[in-house]
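Scroll down for the structure; my scribbles are underneath it.
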Amino acid sequence: MKKELKDITNREDISLLVRTFYDKIRADQEIGFYFNEMINDWDEHLDKLTDFWEMNLFGNKFYKGNPLEAHVNVDKHFGGKIGPNEFGIWLNHWAQTLDELFEGENVDILKRRARKMGTFIYMGMFNSRS
């Protein structure tokens, strides 16, 4: 019997999504080291990402940060080696985590927005390489 899932409706849902997702990312053999090496305070980082996705989905919070600049700096730290494969792994984990925990319109919205953001960030990283 399939577990009945609900749509994402509040900050607690976003927090569950972000924390579950990043547990998978941190453990991933191919991309986990990028995150584990760069992030020192995981609680602070997860709260910031919860703020980001809450603002992105519900528009009810001001997000302080520059995701493009942060990712460009990570890419520079690793010598410009982050490519489409890494973004694909990230997006697959994102979609799988969404599907495991929730269902509904907001799930679809967050999948679309993550794809668009991934493209934007990858292109920004690529363009910043000299």
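Identifiers in this document derive from the order of the structure tokens: chains are assigned A, B, ..., residues are numbered from 1 separately in each chain, and ligands are numbered from 1 in order of occurrence.
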If you run DSSP on the backbone, which residues of chain A are helix (DSSP H, G or I), as JSON, numbers by chain? {"A": [11, 12, 13, 14, 15, 16, 17, 18, 19, 20, 21, 22, 23, 24, 25, 26, 27, 32, 33, 34, 35, 36, 37, 38, 42, 43, 44, 45, 46, 47, 48, 49, 50, 51, 52, 53, 54, 55, 56, 57, 58, 67, 68, 69, 70, 71, 72, 73, 74, 75, 76, 77, 84, 85, 86, 87, 88, 89, 90, 91, 92, 93, 94, 95, 96, 97, 98, 99, 100, 101, 105, 106, 107, 108, 109, 110, 111, 112, 113, 114, 115, 116, 117, 118, 119, 120, 121, 122, 123, 124, 125, 126, 127, 128]}
Contact check, range 12-53 of chain A to range 97-114 of chain A, at most 12 Å, counting only C-alpha atoms, closest pairs as a Markdown table:
| residue | atom | partner | partner_atom | distance |
| --- | --- | --- | --- | --- |
| A:Asp13 | CA | A:Phe102 | CA | 8.8 |
| A:Ile14 | CA | A:Leu98 | CA | 9.9 |
| A:Ser15 | CA | A:Leu101 | CA | 11.6 |
| A:Leu16 | CA | A:Leu101 | CA | 8.5 |
| A:Leu17 | CA | A:Leu98 | CA | 6.8 |
| A:Val18 | CA | A:Thr97 | CA | 8.9 |
| A:Arg19 | CA | A:Thr97 | CA | 10.0 |
| A:Thr20 | CA | A:Thr97 | CA | 7.1 |
| A:Phe21 | CA | A:Thr97 | CA | 5.9 |
| A:Tyr22 | CA | A:Thr97 | CA | 9.6 |
| A:Asp23 | CA | A:Thr97 | CA | 10.3 |
| A:Lys24 | CA | A:Thr97 | CA | 8.7 |
| A:Ile25 | CA | A:Thr97 | CA | 10.6 |
| A:Phe52 | CA | A:Ala114 | CA | 11.6 |
| A:Trp53 | CA | A:Leu110 | CA | 8.3 |
Residues from the last selection, all heavy atoms, saved as a tab-separated table (two decimals), in the first residue's frame:
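Contents of again.tsv, as written:
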chain	number	residue	atom	x	y	z
A	13	ASP	N	7.85	21.89	6.02
A	13	ASP	CA	7.98	20.99	4.87
A	13	ASP	C	9.27	21.26	4.10
A	13	ASP	O	9.98	20.34	3.71
A	13	ASP	CB	6.78	21.14	3.93
A	13	ASP	CG	5.48	20.66	4.52
A	13	ASP	OD1	5.50	19.90	5.52
A	13	ASP	OD2	4.41	21.04	3.98
A	14	ILE	N	9.56	22.55	3.87
A	14	ILE	CA	10.78	22.93	3.16
A	14	ILE	C	12.01	22.46	3.95
A	14	ILE	O	12.96	21.93	3.37
A	14	ILE	CB	10.84	24.46	2.94
A	14	ILE	CG1	9.67	24.94	2.09
A	14	ILE	CG2	12.19	24.87	2.35
A	14	ILE	CD1	9.81	24.81	0.62
A	15	SER	N	11.98	22.64	5.26
A	15	SER	CA	13.11	22.22	6.09
A	15	SER	C	13.32	20.72	6.00
A	15	SER	O	14.47	20.25	5.87
A	15	SER	CB	12.87	22.65	7.54
A	15	SER	OG	13.95	22.25	8.35
A	16	LEU	N	12.25	19.94	6.05
A	16	LEU	CA	12.36	18.48	5.91
A	16	LEU	C	12.97	18.13	4.56
A	16	LEU	O	13.87	17.29	4.47
A	16	LEU	CB	10.98	17.82	6.07
A	16	LEU	CG	10.94	16.31	5.80
A	16	LEU	CD1	11.79	15.54	6.81
A	16	LEU	CD2	9.49	15.83	5.82
A	17	LEU	N	12.50	18.77	3.50
A	17	LEU	CA	13.03	18.55	2.16
A	17	LEU	C	14.53	18.85	2.11
A	17	LEU	O	15.33	18.02	1.66
A	17	LEU	CB	12.29	19.43	1.15
A	17	LEU	CG	12.90	19.52	-0.24
A	17	LEU	CD1	12.91	18.18	-0.95
A	17	LEU	CD2	12.16	20.58	-1.06
A	18	VAL	N	14.92	20.03	2.56
A	18	VAL	CA	16.31	20.46	2.49
A	18	VAL	C	17.21	19.54	3.30
A	18	VAL	O	18.27	19.10	2.83
A	18	VAL	CB	16.43	21.94	2.95
A	18	VAL	CG1	17.89	22.32	3.21
A	18	VAL	CG2	15.81	22.86	1.92
A	19	ARG	N	16.81	19.20	4.51
A	19	ARG	CA	17.65	18.37	5.37
A	19	ARG	C	17.77	16.93	4.83
A	19	ARG	O	18.86	16.36	4.83
A	19	ARG	CB	17.13	18.40	6.80
A	19	ARG	CG	17.40	19.75	7.45
A	19	ARG	CD	16.82	19.92	8.84
A	19	ARG	NE	17.06	21.28	9.29
A	19	ARG	CZ	18.21	21.72	9.80
A	19	ARG	NH1	19.22	20.90	9.94
A	19	ARG	NH2	18.36	22.98	10.17
A	20	THR	N	16.68	16.38	4.35
A	20	THR	CA	16.71	15.03	3.78
A	20	THR	C	17.56	15.00	2.52
A	20	THR	O	18.39	14.10	2.32
A	20	THR	CB	15.28	14.54	3.49
A	20	THR	OG1	14.49	14.62	4.67
A	20	THR	CG2	15.28	13.11	2.97
A	21	PHE	N	17.37	16.01	1.68
A	21	PHE	CA	18.13	16.13	0.44
A	21	PHE	C	19.63	16.23	0.71
A	21	PHE	O	20.44	15.51	0.10
A	21	PHE	CB	17.62	17.35	-0.34
A	21	PHE	CG	18.47	17.73	-1.50
A	21	PHE	CD1	18.52	16.94	-2.64
A	21	PHE	CD2	19.21	18.90	-1.48
A	21	PHE	CE1	19.31	17.30	-3.73
A	21	PHE	CE2	20.00	19.27	-2.55
A	21	PHE	CZ	20.04	18.47	-3.68
A	22	TYR	N	20.02	17.10	1.62
A	22	TYR	CA	21.45	17.28	1.85
A	22	TYR	C	22.09	16.12	2.61
A	22	TYR	O	23.30	15.91	2.49
A	22	TYR	CB	21.76	18.65	2.49
A	22	TYR	CG	21.83	19.69	1.39
A	22	TYR	CD1	20.75	20.51	1.11
A	22	TYR	CD2	22.95	19.79	0.58
A	22	TYR	CE1	20.80	21.42	0.07
A	22	TYR	CE2	23.01	20.69	-0.47
A	22	TYR	CZ	21.93	21.51	-0.72
A	22	TYR	OH	21.97	22.39	-1.77
A	23	ASP	N	21.30	15.33	3.32
A	23	ASP	CA	21.84	14.07	3.86
A	23	ASP	C	22.31	13.19	2.70
A	23	ASP	O	23.37	12.56	2.77
A	23	ASP	CB	20.78	13.33	4.68
A	23	ASP	CG	20.58	13.93	6.06
A	23	ASP	OD1	21.41	14.75	6.52
A	23	ASP	OD2	19.56	13.57	6.70
A	24	LYS	N	21.52	13.14	1.63
A	24	LYS	CA	21.88	12.34	0.45
A	24	LYS	C	23.09	12.93	-0.28
A	24	LYS	O	23.99	12.19	-0.70
A	24	LYS	CB	20.70	12.26	-0.51
A	24	LYS	CG	19.53	11.48	0.05
A	24	LYS	CD	18.37	11.51	-0.92
A	24	LYS	CE	17.17	10.84	-0.28
A	24	LYS	NZ	16.06	10.74	-1.21
A	25	ILE	N	23.08	14.25	-0.43
A	25	ILE	CA	24.18	14.92	-1.13
A	25	ILE	C	25.49	14.68	-0.40
A	25	ILE	O	26.51	14.35	-1.02
A	25	ILE	CB	23.88	16.43	-1.27
A	25	ILE	CG1	22.72	16.67	-2.24
A	25	ILE	CG2	25.13	17.20	-1.69
A	25	ILE	CD1	22.99	16.27	-3.68
A	52	PHE	N	16.09	30.14	1.50
A	52	PHE	CA	16.12	30.33	0.05
A	52	PHE	C	14.93	29.65	-0.62
A	52	PHE	O	14.22	30.26	-1.42
A	52	PHE	CB	17.43	29.79	-0.54
A	52	PHE	CG	17.44	29.84	-2.04
A	52	PHE	CD1	17.72	31.02	-2.69
A	52	PHE	CD2	17.13	28.72	-2.79
A	52	PHE	CE1	17.70	31.09	-4.08
A	52	PHE	CE2	17.11	28.77	-4.17
A	52	PHE	CZ	17.40	29.97	-4.82
A	53	TRP	N	14.69	28.37	-0.31
A	53	TRP	CA	13.62	27.64	-0.97
A	53	TRP	C	12.25	28.10	-0.50
A	53	TRP	O	11.29	28.08	-1.27
A	53	TRP	CB	13.81	26.13	-0.82
A	53	TRP	CG	14.93	25.65	-1.68
A	53	TRP	CD1	16.16	25.23	-1.28
A	53	TRP	CD2	14.94	25.57	-3.12
A	53	TRP	NE1	16.93	24.89	-2.37
A	53	TRP	CE2	16.20	25.09	-3.51
A	53	TRP	CE3	14.00	25.86	-4.10
A	53	TRP	CZ2	16.54	24.90	-4.84
A	53	TRP	CZ3	14.34	25.66	-5.43
A	53	TRP	CH2	15.60	25.19	-5.79
Excluding range 121-123 of chain A and residues on its chain fewer than 4 positions from it, collect all residues at most 7 Å away from it, counting only C-alpha atoms, and give them as a list in words.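 Answer for this query is Leu68, Met117 and Asn127 of chain A.
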Output all heavy atoms for every residue in that selection, as a PDB file, in the first residue's frame.
ATOM      1  N   LEU A  68      24.755  32.579  -7.079  1.00  0.00           N
ATOM      2  CA  LEU A  68      25.679  32.517  -8.214  1.00  0.00           C
ATOM      3  C   LEU A  68      27.113  32.777  -7.750  1.00  0.00           C
ATOM      4  O   LEU A  68      28.021  32.003  -8.069  1.00  0.00           O
ATOM      5  CB  LEU A  68      25.281  33.513  -9.301  1.00  0.00           C
ATOM      6  CG  LEU A  68      26.206  33.530 -10.526  1.00  0.00           C
ATOM      7  CD1 LEU A  68      26.321  32.147 -11.156  1.00  0.00           C
ATOM      8  CD2 LEU A  68      25.731  34.554 -11.531  1.00  0.00           C
ATOM      9  N   MET A 117      17.425  27.023 -12.206  1.00  0.00           N
ATOM     10  CA  MET A 117      18.500  27.581 -11.403  1.00  0.00           C
ATOM     11  C   MET A 117      19.809  26.863 -11.682  1.00  0.00           C
ATOM     12  O   MET A 117      20.870  27.497 -11.755  1.00  0.00           O
ATOM     13  CB  MET A 117      18.168  27.487  -9.913  1.00  0.00           C
ATOM     14  CG  MET A 117      19.171  28.200  -9.070  1.00  0.00           C
ATOM     15  SD  MET A 117      18.807  28.187  -7.329  1.00  0.00           S
ATOM     16  CE  MET A 117      17.520  27.024  -7.166  1.00  0.00           C
ATOM     17  N   ASN A 127      30.908  30.862 -17.483  1.00  0.00           N
ATOM     18  CA  ASN A 127      31.289  32.178 -18.010  1.00  0.00           C
ATOM     19  C   ASN A 127      32.341  32.885 -17.144  1.00  0.00           C
ATOM     20  O   ASN A 127      33.052  33.750 -17.629  1.00  0.00           O
ATOM     21  CB  ASN A 127      30.059  33.075 -18.171  1.00  0.00           C
ATOM     22  CG  ASN A 127      29.182  32.622 -19.315  1.00  0.00           C
ATOM     23  OD1 ASN A 127      29.651  32.047 -20.286  1.00  0.00           O
ATOM     24  ND2 ASN A 127      27.886  32.874 -19.207  1.00  0.00           N
TER      25      ASN A 127
END
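The space between CA of Thr9 in chain A and CA of Lys116 in chain A spans 21.6 Å.
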Separation of CA of Tyr34 in chain A from CA of Tyr63 in chain A, in Å and rounded to one decimal: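 Computed distance, CA of Tyr34 in chain A to CA of Tyr63 in chain A, equals 23.0 Å.
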For Phe87 in chain A, the closest of A:Glu44, A:His71, A:Lys61, A:Asn10 counting only C-alpha atoms is A:His71
List the neighbours of Ile89 in chain A out to 9 Å using only C-alpha atoms; skip same-chain residues closer than 4 positions along the sequence, and give me the result as JSON, numbers by chain. {"A": [25, 28, 30, 31, 84, 85, 93, 94]}
Grab the residues selected above and save them as a compact mmCIF listing (two decimals), in the first residue's frame with C-alpha atoms.
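As written to disk, out16.txt reads:
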# COMPACT_ATOMS: atom_id res chain seq x y z
CA ILE A 25 24.18 14.92 -1.13
CA ASP A 28 27.07 10.90 -2.45
CA GLU A 30 30.67 11.62 -6.68
CA ILE A 31 29.67 15.07 -5.40
CA PRO A 84 26.99 19.08 -16.11
CA ASN A 85 27.45 15.62 -14.53
CA HIS A 93 18.73 13.71 -5.81
CA TRP A 94 16.46 16.78 -5.63
Selection near Asn73 in chain A, 10 Å with only C-alpha atoms, sequence-local residues under 5 positions removed, as a list in words: Met38, Pro67, Leu68, Phe78, Gly79, Gly80, Met125 and Ser128 of chain A
I need the residue nearest Ser130 in chain A from this list: A:Gln96, A:Lys76, A:Arg115, A:Arg11. Use only C-alpha atoms for the distance. A:Lys76
Record the distance separating CA of Gly124 in chain A and CA of Ile8 in chain A, expressed in Å with one decimal. 29.3 Å
